[in-house]
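> To be precise about what I am sending: the file is called structure27.pdb and holds PDB, C-alpha atoms.
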ATOM      1  CA  MET A 278       0.000   0.000   0.000
ATOM      2  CA  ASP A 279       1.457   3.362  -1.019
ATOM      3  CA  THR A 280       1.233   6.452   1.150
ATOM      4  CA  SER A 281      -1.533   8.135  -0.829
ATOM      5  CA  SER A 282      -3.708   5.056  -0.313
ATOM      6  CA  ILE A 283      -3.610   5.508   3.462
ATOM      7  CA  LEU A 284      -5.523   8.777   3.502
ATOM      8  CA  SER A 285      -7.694   7.665   0.592
ATOM      9  CA  THR A 286      -8.785   4.614   2.585
ATOM     10  CA  LEU A 287      -9.076   6.417   5.932
ATOM     11  CA  LEU A 288     -11.256   9.155   4.431
ATOM     12  CA  SER A 289     -13.123   7.000   1.919
ATOM     13  CA  ALA A 290     -16.900   6.833   1.759
ATOM     14  CA  SER A 291     -16.842   3.256   3.102
ATOM     15  CA  SER A 292     -14.706   4.290   6.084
ATOM     16  CA  ILE A 293     -16.927   7.268   6.834
ATOM     17  CA  LYS A 294     -20.053   5.095   6.635
ATOM     18  CA  GLY A 295     -18.472   2.342   8.742
ATOM     19  CA  ILE A 296     -17.409   4.734  11.490
ATOM     20  CA  SER A 297     -20.825   6.388  11.316
ATOM     21  CA  LYS A 298     -22.586   3.067  11.906
ATOM     22  CA  THR A 299     -20.184   1.958  14.638
ATOM     23  CA  THR A 300     -20.446   5.194  16.594
ATOM     24  CA  GLY A 301     -24.021   6.248  15.780
ATOM     25  CA  THR A 302     -22.729   9.551  14.384
ATOM     26  CA  ASP A 303     -23.917  11.142  11.147
ATOM     27  CA  THR A 304     -21.513  10.955   8.196
ATOM     28  CA  ASP A 305     -21.044  14.727   7.900
ATOM     29  CA  THR A 306     -19.874  14.924  11.510
ATOM     30  CA  VAL A 307     -17.567  11.920  11.045
ATOM     31  CA  THR A 308     -16.050  13.540   7.945
ATOM     32  CA  THR A 309     -15.434  16.830   9.748
ATOM     33  CA  ILE A 310     -13.951  15.128  12.811
ATOM     34  CA  LEU A 311     -11.565  13.015  10.734
ATOM     35  CA  SER A 312     -10.500  15.884   8.508
ATOM     36  CA  GLN A 313      -9.706  17.963  11.580
ATOM     37  CA  ALA A 314      -7.968  15.066  13.357
ATOM     38  CA  VAL A 315      -5.716  13.704  10.597
ATOM     39  CA  PRO A 316      -2.912  16.287  10.995
ATOM     40  CA  ALA A 317      -2.802  15.816  14.778
ATOM     41  CA  LEU A 318      -2.845  12.016  14.490
ATOM     42  CA  LEU A 319      -0.054  11.987  11.894
ATOM     43  CA  THR A 320       2.007  14.418  13.954
ATOM     44  CA  GLY A 321       1.498  12.176  16.985
ATOM     45  CA  ALA A 322       2.471   9.086  15.008
ATOM     46  CA  ASN A 323       5.618  10.837  13.824
ATOM     47  CA  LYS A 324       6.549  11.745  17.402
ATOM     48  CA  GLN A 325       6.009   8.140  18.491
ATOM     49  CA  ALA A 326       8.184   6.874  15.640
ATOM     50  CA  THR A 327      11.064   9.273  16.268
ATOM     51  CA  ASN A 328      11.133   9.303  20.077
ATOM     52  CA  SER A 329      13.763   6.886  21.383
ATOM     53  CA  LYS A 330      11.522   5.998  24.333
ATOM     54  CA  THR A 331       8.487   5.076  22.221
ATOM     55  CA  ALA A 332       9.864   4.097  18.804
ATOM     56  CA  GLU A 333      10.291   0.400  19.530
ATOM     57  CA  SER A 334       6.835  -0.106  21.032
ATOM     58  CA  PHE A 335       5.244   1.994  18.273
ATOM     59  CA  ALA A 336       6.933  -0.105  15.598
ATOM     60  CA  GLN A 337       5.741  -3.270  17.362
ATOM     61  CA  ALA A 338       2.184  -1.912  17.498
ATOM     62  CA  LEU A 339       2.282  -1.147  13.768
ATOM     63  CA  THR A 340       3.534  -4.660  13.032
ATOM     64  CA  GLU A 341       0.667  -6.152  15.051
ATOM     65  CA  HIS A 342      -1.971  -3.908  13.461
ATOM     66  CA  ALA A 343      -0.618  -4.666   9.986
ATOM     67  CA  GLN A 344      -1.996  -8.202  10.475
ATOM     68  CA  ASP A 345      -5.564  -6.847  10.682
ATOM     69  CA  ASN A 346      -7.755  -7.723   7.721
ATOM     70  CA  THR A 347      -8.822  -4.391   6.233
ATOM     71  CA  SER A 348      -9.723  -5.739   2.776
ATOM     72  CA  ASN A 349     -13.337  -4.907   3.620
ATOM     73  CA  VAL A 350     -13.198  -1.638   5.541
ATOM     74  CA  GLY A 351     -16.895  -1.780   6.445
ATOM     75  CA  THR A 352     -16.520  -5.191   8.085
ATOM     76  CA  PHE A 353     -13.314  -4.125   9.831
ATOM     77  CA  LEU A 354     -14.993  -1.040  11.311
ATOM     78  CA  LYS A 355     -18.096  -3.005  12.298
ATOM     79  CA  ASN A 356     -15.879  -5.152  14.534
ATOM     80  CA  VAL A 357     -13.371  -2.494  15.589
ATOM     81  CA  ASP A 358     -12.231  -2.463  19.224
ATOM     82  CA  LEU A 359     -13.110   1.016  20.522
ATOM     83  CA  ASN A 360     -11.169   0.460  23.760
ATOM     84  CA  ASP A 361      -8.035  -0.327  21.773
ATOM     85  CA  GLY A 362      -8.738   2.726  19.628
ATOM     86  CA  ALA A 363      -9.002   4.954  22.696
ATOM     87  CA  LYS A 364      -5.597   3.693  23.885
ATOM     88  CA  ILE A 365      -4.096   4.415  20.463
ATOM     89  CA  ILE A 366      -5.468   7.967  20.524
ATOM     90  CA  GLN A 367      -4.010   8.471  24.012
ATOM     91  CA  HIS A 368      -0.594   7.304  22.761
ATOM     92  CA  LEU A 369      -0.697   9.446  19.611
ATOM     93  CA  LEU A 370      -1.980  12.645  21.207
ATOM     94  CA  GLY A 371      -0.459  12.198  24.667
ATOM     95  CA  SER A 372      -0.986  15.072  27.074
ATOM     96  CA  SER A 373      -2.811  17.084  24.402
ATOM     97  CA  THR A 374      -5.594  14.486  24.008
ATOM     98  CA  ALA A 375      -8.217  16.492  25.910
ATOM     99  CA  SER A 376      -7.409  19.853  24.321
ATOM    100  CA  THR A 377      -7.188  18.369  20.815
ATOM    101  CA  THR A 378     -10.485  16.545  21.283
ATOM    102  CA  LYS A 379     -12.103  19.758  22.522
ATOM    103  CA  SER A 380     -10.783  21.718  19.541
ATOM    104  CA  ILE A 381     -11.966  19.095  17.046
ATOM    105  CA  SER A 382     -15.366  18.915  18.758
ATOM    106  CA  LYS A 383     -15.787  22.664  18.453
ATOM    107  CA  ALA A 384     -14.895  22.595  14.747
ATOM    108  CA  ALA A 385     -17.316  19.704  14.160
ATOM    109  CA  ASN A 386     -20.038  21.340  16.261
ATOM    110  CA  THR A 387     -20.380  18.244  18.425
ATOM    111  CA  ASP A 388     -19.480  17.032  21.918
ATOM    112  CA  ALA A 389     -16.176  15.575  23.111
ATOM    113  CA  GLU A 390     -17.713  12.133  23.697
ATOM    114  CA  THR A 391     -18.791  11.864  20.062
ATOM    115  CA  THR A 392     -15.384  13.047  18.867
ATOM    116  CA  SER A 393     -13.591  10.545  21.111
ATOM    117  CA  SER A 394     -15.810   7.740  19.838
ATOM    118  CA  VAL A 395     -15.142   8.594  16.177
ATOM    119  CA  LEU A 396     -11.388   8.860  16.777
ATOM    120  CA  SER A 397     -11.390   5.564  18.697
ATOM    121  CA  ALA A 398     -13.056   3.858  15.739
ATOM    122  CA  ALA A 399     -10.667   5.398  13.199
ATOM    123  CA  ALA A 400      -7.408   4.863  15.122
ATOM    124  CA  PRO A 401      -7.063   1.078  14.650
ATOM    125  CA  LEU A 402      -7.690   1.512  10.921
ATOM    126  CA  LEU A 403      -5.005   4.208  10.714
ATOM    127  CA  MET A 404      -2.526   2.003  12.581
ATOM    128  CA  SER A 405      -3.307  -0.961  10.337
ATOM    129  CA  LEU A 406      -2.842   1.115   7.187
ATOM    130  CA  LEU A 407       0.421   2.589   8.475
ATOM    131  CA  GLY A 408       1.626  -0.884   9.453
ATOM    132  CA  LYS A 409       0.817  -2.336   6.036
ATOM    133  CA  SER A 410       2.596   0.547   4.307
ATOM    134  CA  ALA A 411       5.665   0.238   6.511
ATOM    135  CA  GLY A 412       5.885  -3.507   5.911
ATOM    136  CA  SER A 413       8.950  -5.014   7.521
ATOM    137  CA  ASN A 414      10.833  -1.709   7.554
ATOM    138  CA  THR A 415       9.763  -0.256  10.881
ATOM    139  CA  SER A 416      12.942   1.619  11.773
ATOM    140  CA  SER A 417      12.345   5.104  13.152
ATOM    141  CA  ASP A 418      13.822   6.691  10.009
ATOM    142  CA  ALA A 419      11.593   4.646   7.701
ATOM    143  CA  LEU A 420       8.469   5.358   9.745
ATOM    144  CA  SER A 421       9.276   9.052   9.957
ATOM    145  CA  SER A 422       9.788   9.128   6.199
ATOM    146  CA  LEU A 423       6.482   7.323   5.604
ATOM    147  CA  ILE A 424       4.498   9.628   7.888
ATOM    148  CA  GLY A 425       6.317  12.713   6.659
ATOM    149  CA  GLY A 426       5.432  11.705   3.117
ATOM    150  CA  LEU A 427       1.785  11.514   4.107
ATOM    151  CA  MET A 428       1.905  14.954   5.646
ATOM    152  CA  LYS A 429       3.788  16.655   2.825
ATOM    153  CA  ASN A 430       3.223  14.865  -0.453
ATOM    154  CA  VAL A 431      -0.421  13.834  -0.458
ATOM    155  CA  SER A 432      -2.858  16.383  -1.848
ATOM    156  CA  VAL A 433      -5.293  16.465   1.038
ATOM    157  CA  THR A 434      -7.223  19.287  -0.655
ATOM    158  CA  ASP A 435      -7.903  17.170  -3.752
ATOM    159  CA  LEU A 436      -8.702  14.117  -1.658
ATOM    160  CA  LEU A 437     -11.220  15.889   0.539
ATOM    161  CA  GLY A 438     -12.679  17.806  -2.377
ATOM    162  CA  GLY A 439     -13.264  14.546  -4.225
ATOM    163  CA  LEU A 440     -14.623  12.829  -1.125
ATOM    164  CA  LEU A 441     -17.037  15.569  -0.207
ATOM    165  CA  GLY A 442     -17.930  16.268  -3.830
ATOM    166  CA  SER A 443     -18.895  12.641  -4.399
ATOM    167  CA  SER A 444     -21.710  12.969  -1.885
ATOM    168  CA  SER A 445     -23.281  15.947  -3.658
ATOM    169  CA  THR A 446     -26.539  15.777  -5.528
ATOM    170  CA  SER A 447     -27.507  17.319  -8.826
ATOM    171  CA  LYS A 448     -28.893  20.410  -7.127
ATOM    172  CA  LYS A 449     -26.675  23.424  -7.725
ATOM    173  CA  THR A 450     -27.111  24.736  -4.190
ATOM    174  CA  THR A 451     -25.966  21.427  -2.727
ATOM    175  CA  LYS A 452     -22.924  21.387  -4.995
ATOM    176  CA  LYS A 453     -22.030  24.912  -3.959
ATOM    177  CA  SER A 454     -22.330  24.156  -0.256
ATOM    178  CA  THR A 455     -20.428  20.898  -0.661
ATOM    179  CA  SER A 456     -17.656  22.660  -2.542
ATOM    180  CA  SER A 457     -17.538  25.335   0.122
ATOM    181  CA  ALA A 458     -17.395  22.703   2.862
ATOM    182  CA  ALA A 459     -14.581  20.901   1.051
ATOM    183  CA  SER A 460     -12.617  24.120   0.677
ATOM    184  CA  SER A 461     -13.141  25.046   4.306
ATOM    185  CA  ILE A 462     -12.124  21.638   5.675
ATOM    186  CA  ALA A 463      -9.180  21.308   3.287
ATOM    187  CA  GLY A 464      -8.007  24.811   4.179
ATOM    188  CA  SER A 465      -8.117  23.954   7.863
ATOM    189  CA  LEU A 466      -6.213  20.733   7.244
ATOM    190  CA  ILE A 467      -3.490  22.457   5.254
ATOM    191  CA  LYS A 468      -3.170  25.153   7.944
ATOM    192  CA  ASN A 469      -2.762  22.488  10.641
ATOM    193  CA  LEU A 470      -0.243  20.534   8.585
ATOM    194  CA  LEU A 471       1.910  23.617   8.105
ATOM    195  CA  LYS A 472       2.025  24.554  11.813
TER     196      LYS A 472
END
In structure tokens, write the structure found in this file.


Amino acid sequence: MDTSSILSTLLSASSIKGISKTTGTDTDTVTTILSQAVPALLTGANKQATNSKTAESFAQALTEHAQDNTSNVGTFLKNVDLNDGAKIIQHLLGSSTASTTKSISKAANTDAETTSSVLSAAAPLLMSLLGKSAGSNTSSDALSSLIGGLMKNVSVTDLLGGLLGSSSTSKKTTKKSTSSAASSIAGSLIKNLLK
């Protein structure tokens, strides 16, 4: 799996629908939460991979999650372990978990519990996708390169625009609002990635 496939899978319609069903959250809210969370999660993963105290355990976790069967994302998310996901989020976001969750919740116009639930459902999928992409090369340099590539080389704007645009209807007003939503979310993502 190449790096562009990670975000494509994580933010795909099937992932959004799967997380929506698992958490009882509407798809628009799931999309907004994930789009706001991706930069923070990737930054956290990069810190885990490059910190001498956490690199080995992070690499081991990726190796374990790489064994997960994600060939059918809907089925994977239907059976996802939310407790494991919550632990992953705690590891990736560390001491900023509460403040990041609060910030994402505000942007998504929802409560922290809903945001935590969505992130807990998405986290095991992210780890599995990262693990599959890393393969057997889980050195800190390789992982940092993989995650850095995700953060710098993938066109998140195009990805989100395509994702959100695919849910539009033939009504012009819906297309305009969808396009505006895509631009707004993508702009926020790019801003967060460049911090």

> Counting only C-alpha atoms, which residue out of A:Ala332, A:Gln344, A:Leu402, A:Lys379 sits closest to Ser292 of chain A?

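Of the candidates, the smallest distance to Ser292 of chain A is held by A:Leu402.
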
> Restricting the calculation to all atoms listed in the file: of A:Ala314, A:Leu396, A:Leu288, A:Leu406, which residue gets closest to Ala338 of chain A?

A:Leu406

> I want to know what sits within 7 Å of segment 350-367 of chain A, based on only C-alpha atoms, with residues of the same chain fewer than 5 positions away left out; could you give that as number ranges by chain?

A: 291-292, 295-296, 299, 374, 397-398, 400-401

> Which neighbours of Thr378 of chain A fall inside 12 Å, counting all atoms listed in the file, when residues of the same chain fewer than 6 positions from it are skipped, and could you give them as an mmCIF file with C-alpha atoms, keeping the file's coordinate frame?


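Heads up, here's the output in result-v4.cif:
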data_model
loop_
_atom_site.group_PDB
_atom_site.id
_atom_site.type_symbol
_atom_site.label_atom_id
_atom_site.label_comp_id
_atom_site.auth_asym_id
_atom_site.auth_seq_id
_atom_site.Cartn_x
_atom_site.Cartn_y
_atom_site.Cartn_z
ATOM 1 C CA ILE A 310 -13.951 15.128 12.811
ATOM 2 C CA LEU A 311 -11.565 13.015 10.734
ATOM 3 C CA GLN A 313 -9.706 17.963 11.580
ATOM 4 C CA ALA A 314 -7.968 15.066 13.357
ATOM 5 C CA ALA A 317 -2.802 15.816 14.778
ATOM 6 C CA LEU A 318 -2.845 12.016 14.490
ATOM 7 C CA ALA A 363 -9.002 4.954 22.696
ATOM 8 C CA ILE A 366 -5.468 7.967 20.524
ATOM 9 C CA GLN A 367 -4.010 8.471 24.012
ATOM 10 C CA LEU A 370 -1.980 12.645 21.207
ATOM 11 C CA GLY A 371 -0.459 12.198 24.667
ATOM 12 C CA SER A 372 -0.986 15.072 27.074
ATOM 13 C CA ALA A 384 -14.895 22.595 14.747
ATOM 14 C CA ALA A 385 -17.316 19.704 14.160
ATOM 15 C CA ASN A 386 -20.038 21.340 16.261
ATOM 16 C CA THR A 387 -20.380 18.244 18.425
ATOM 17 C CA ASP A 388 -19.480 17.032 21.918
ATOM 18 C CA ALA A 389 -16.176 15.575 23.111
ATOM 19 C CA GLU A 390 -17.713 12.133 23.697
ATOM 20 C CA THR A 391 -18.791 11.864 20.062
ATOM 21 C CA THR A 392 -15.384 13.047 18.867
ATOM 22 C CA SER A 393 -13.591 10.545 21.111
ATOM 23 C CA SER A 394 -15.810 7.740 19.838
ATOM 24 C CA VAL A 395 -15.142 8.594 16.177
ATOM 25 C CA LEU A 396 -11.388 8.860 16.777
ATOM 26 C CA SER A 397 -11.390 5.564 18.697
#

> Quick one: of A:His368, A:Thr377, A:Thr340, A:Lys409, who's nearest to Ala322 of chain A, counting all atoms listed in the file?

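For Ala322 of chain A, the nearest of the candidates is A:His368.
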
> Going by the chain IDs and residue numbers used in this file, which residues fall under the PyMOL selection byres ((chain A and resi 411) around 12)? Write them as JSON, numbers by chain.

{"A": [278, 279, 280, 283, 326, 335, 336, 337, 338, 339, 340, 341, 342, 343, 404, 405, 406, 407, 408, 409, 410, 412, 413, 414, 415, 416, 417, 418, 419, 420, 421, 422, 423, 424, 426]}

> Could you tell me how far atom CA of Thr286 of chain A sits from atom CA of Thr306 of chain A, in Å to one decimal place?

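Value for the atom CA of Thr306 of chain A-atom CA of Thr286 of chain A distance: 17.6 Å.
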
> Between A:Leu369, A:Lys298, A:Thr347, A:Lys383, which one has atoms that come closest to Leu319 of chain A, using all atoms listed in the file?

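Ranked by minimum distance to Leu319 of chain A, first place goes to A:Leu369.
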
> Under the rule that only C-alpha atoms are counted, which of A:Val307, A:Val315, A:Leu403, A:Ile381 is the nearest residue to Ile293 of chain A?

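For Ile293 of chain A, the nearest of the candidates is A:Val307.
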
> In Å, how far is it from atom CA of Ala290 of chain A to atom CA of Thr308 of chain A?

9.2 Å

> Could N, CA and C atoms be built for segment 364-378 of chain A and written out as an mmCIF file, in the frame of the given file?


data_model
loop_
_atom_site.group_PDB
_atom_site.id
_atom_site.type_symbol
_atom_site.label_atom_id
_atom_site.label_comp_id
_atom_site.auth_asym_id
_atom_site.auth_seq_id
_atom_site.Cartn_x
_atom_site.Cartn_y
_atom_site.Cartn_z
ATOM 1 N N LYS A 364 -6.991 3.781 23.424
ATOM 2 C CA LYS A 364 -5.597 3.693 23.885
ATOM 3 C C LYS A 364 -4.639 4.234 22.830
ATOM 4 N N ILE A 365 -4.934 3.920 21.560
ATOM 5 C CA ILE A 365 -4.096 4.415 20.463
ATOM 6 C C ILE A 365 -4.131 5.943 20.430
ATOM 7 N N ILE A 366 -5.325 6.511 20.538
ATOM 8 C CA ILE A 366 -5.468 7.967 20.524
ATOM 9 C C ILE A 366 -4.678 8.586 21.681
ATOM 10 N N GLN A 367 -4.748 7.964 22.851
ATOM 11 C CA GLN A 367 -4.010 8.471 24.012
ATOM 12 C C GLN A 367 -2.510 8.460 23.747
ATOM 13 N N HIS A 368 -2.024 7.396 23.084
ATOM 14 C CA HIS A 368 -0.594 7.304 22.761
ATOM 15 C C HIS A 368 -0.201 8.356 21.722
ATOM 16 N N LEU A 369 -1.036 8.516 20.695
ATOM 17 C CA LEU A 369 -0.697 9.446 19.611
ATOM 18 C C LEU A 369 -0.780 10.909 20.037
ATOM 19 N N LEU A 370 -1.786 11.246 20.827
ATOM 20 C CA LEU A 370 -1.980 12.645 21.207
ATOM 21 C C LEU A 370 -1.375 12.997 22.561
ATOM 22 N N GLY A 371 -1.111 11.978 23.386
ATOM 23 C CA GLY A 371 -0.459 12.198 24.667
ATOM 24 C C GLY A 371 -1.184 13.190 25.551
ATOM 25 N N SER A 372 -0.419 14.113 26.120
ATOM 26 C CA SER A 372 -0.986 15.072 27.074
ATOM 27 C C SER A 372 -1.942 16.069 26.420
ATOM 28 N N SER A 373 -1.918 16.140 25.087
ATOM 29 C CA SER A 373 -2.811 17.084 24.402
ATOM 30 C C SER A 373 -4.127 16.433 23.968
ATOM 31 N N THR A 374 -4.377 15.195 24.423
ATOM 32 C CA THR A 374 -5.594 14.486 24.008
ATOM 33 C C THR A 374 -6.861 15.291 24.299
ATOM 34 N N ALA A 375 -7.000 15.769 25.525
ATOM 35 C CA ALA A 375 -8.217 16.492 25.910
ATOM 36 C C ALA A 375 -8.385 17.790 25.129
ATOM 37 N N SER A 376 -7.305 18.564 25.015
ATOM 38 C CA SER A 376 -7.409 19.853 24.321
ATOM 39 C C SER A 376 -7.637 19.665 22.824
ATOM 40 N N THR A 377 -7.002 18.644 22.239
ATOM 41 C CA THR A 377 -7.188 18.369 20.815
ATOM 42 C C THR A 377 -8.615 17.906 20.553
ATOM 43 N N THR A 378 -9.115 17.033 21.416
ATOM 44 C CA THR A 378 -10.485 16.545 21.283
ATOM 45 C C THR A 378 -11.478 17.704 21.398
#
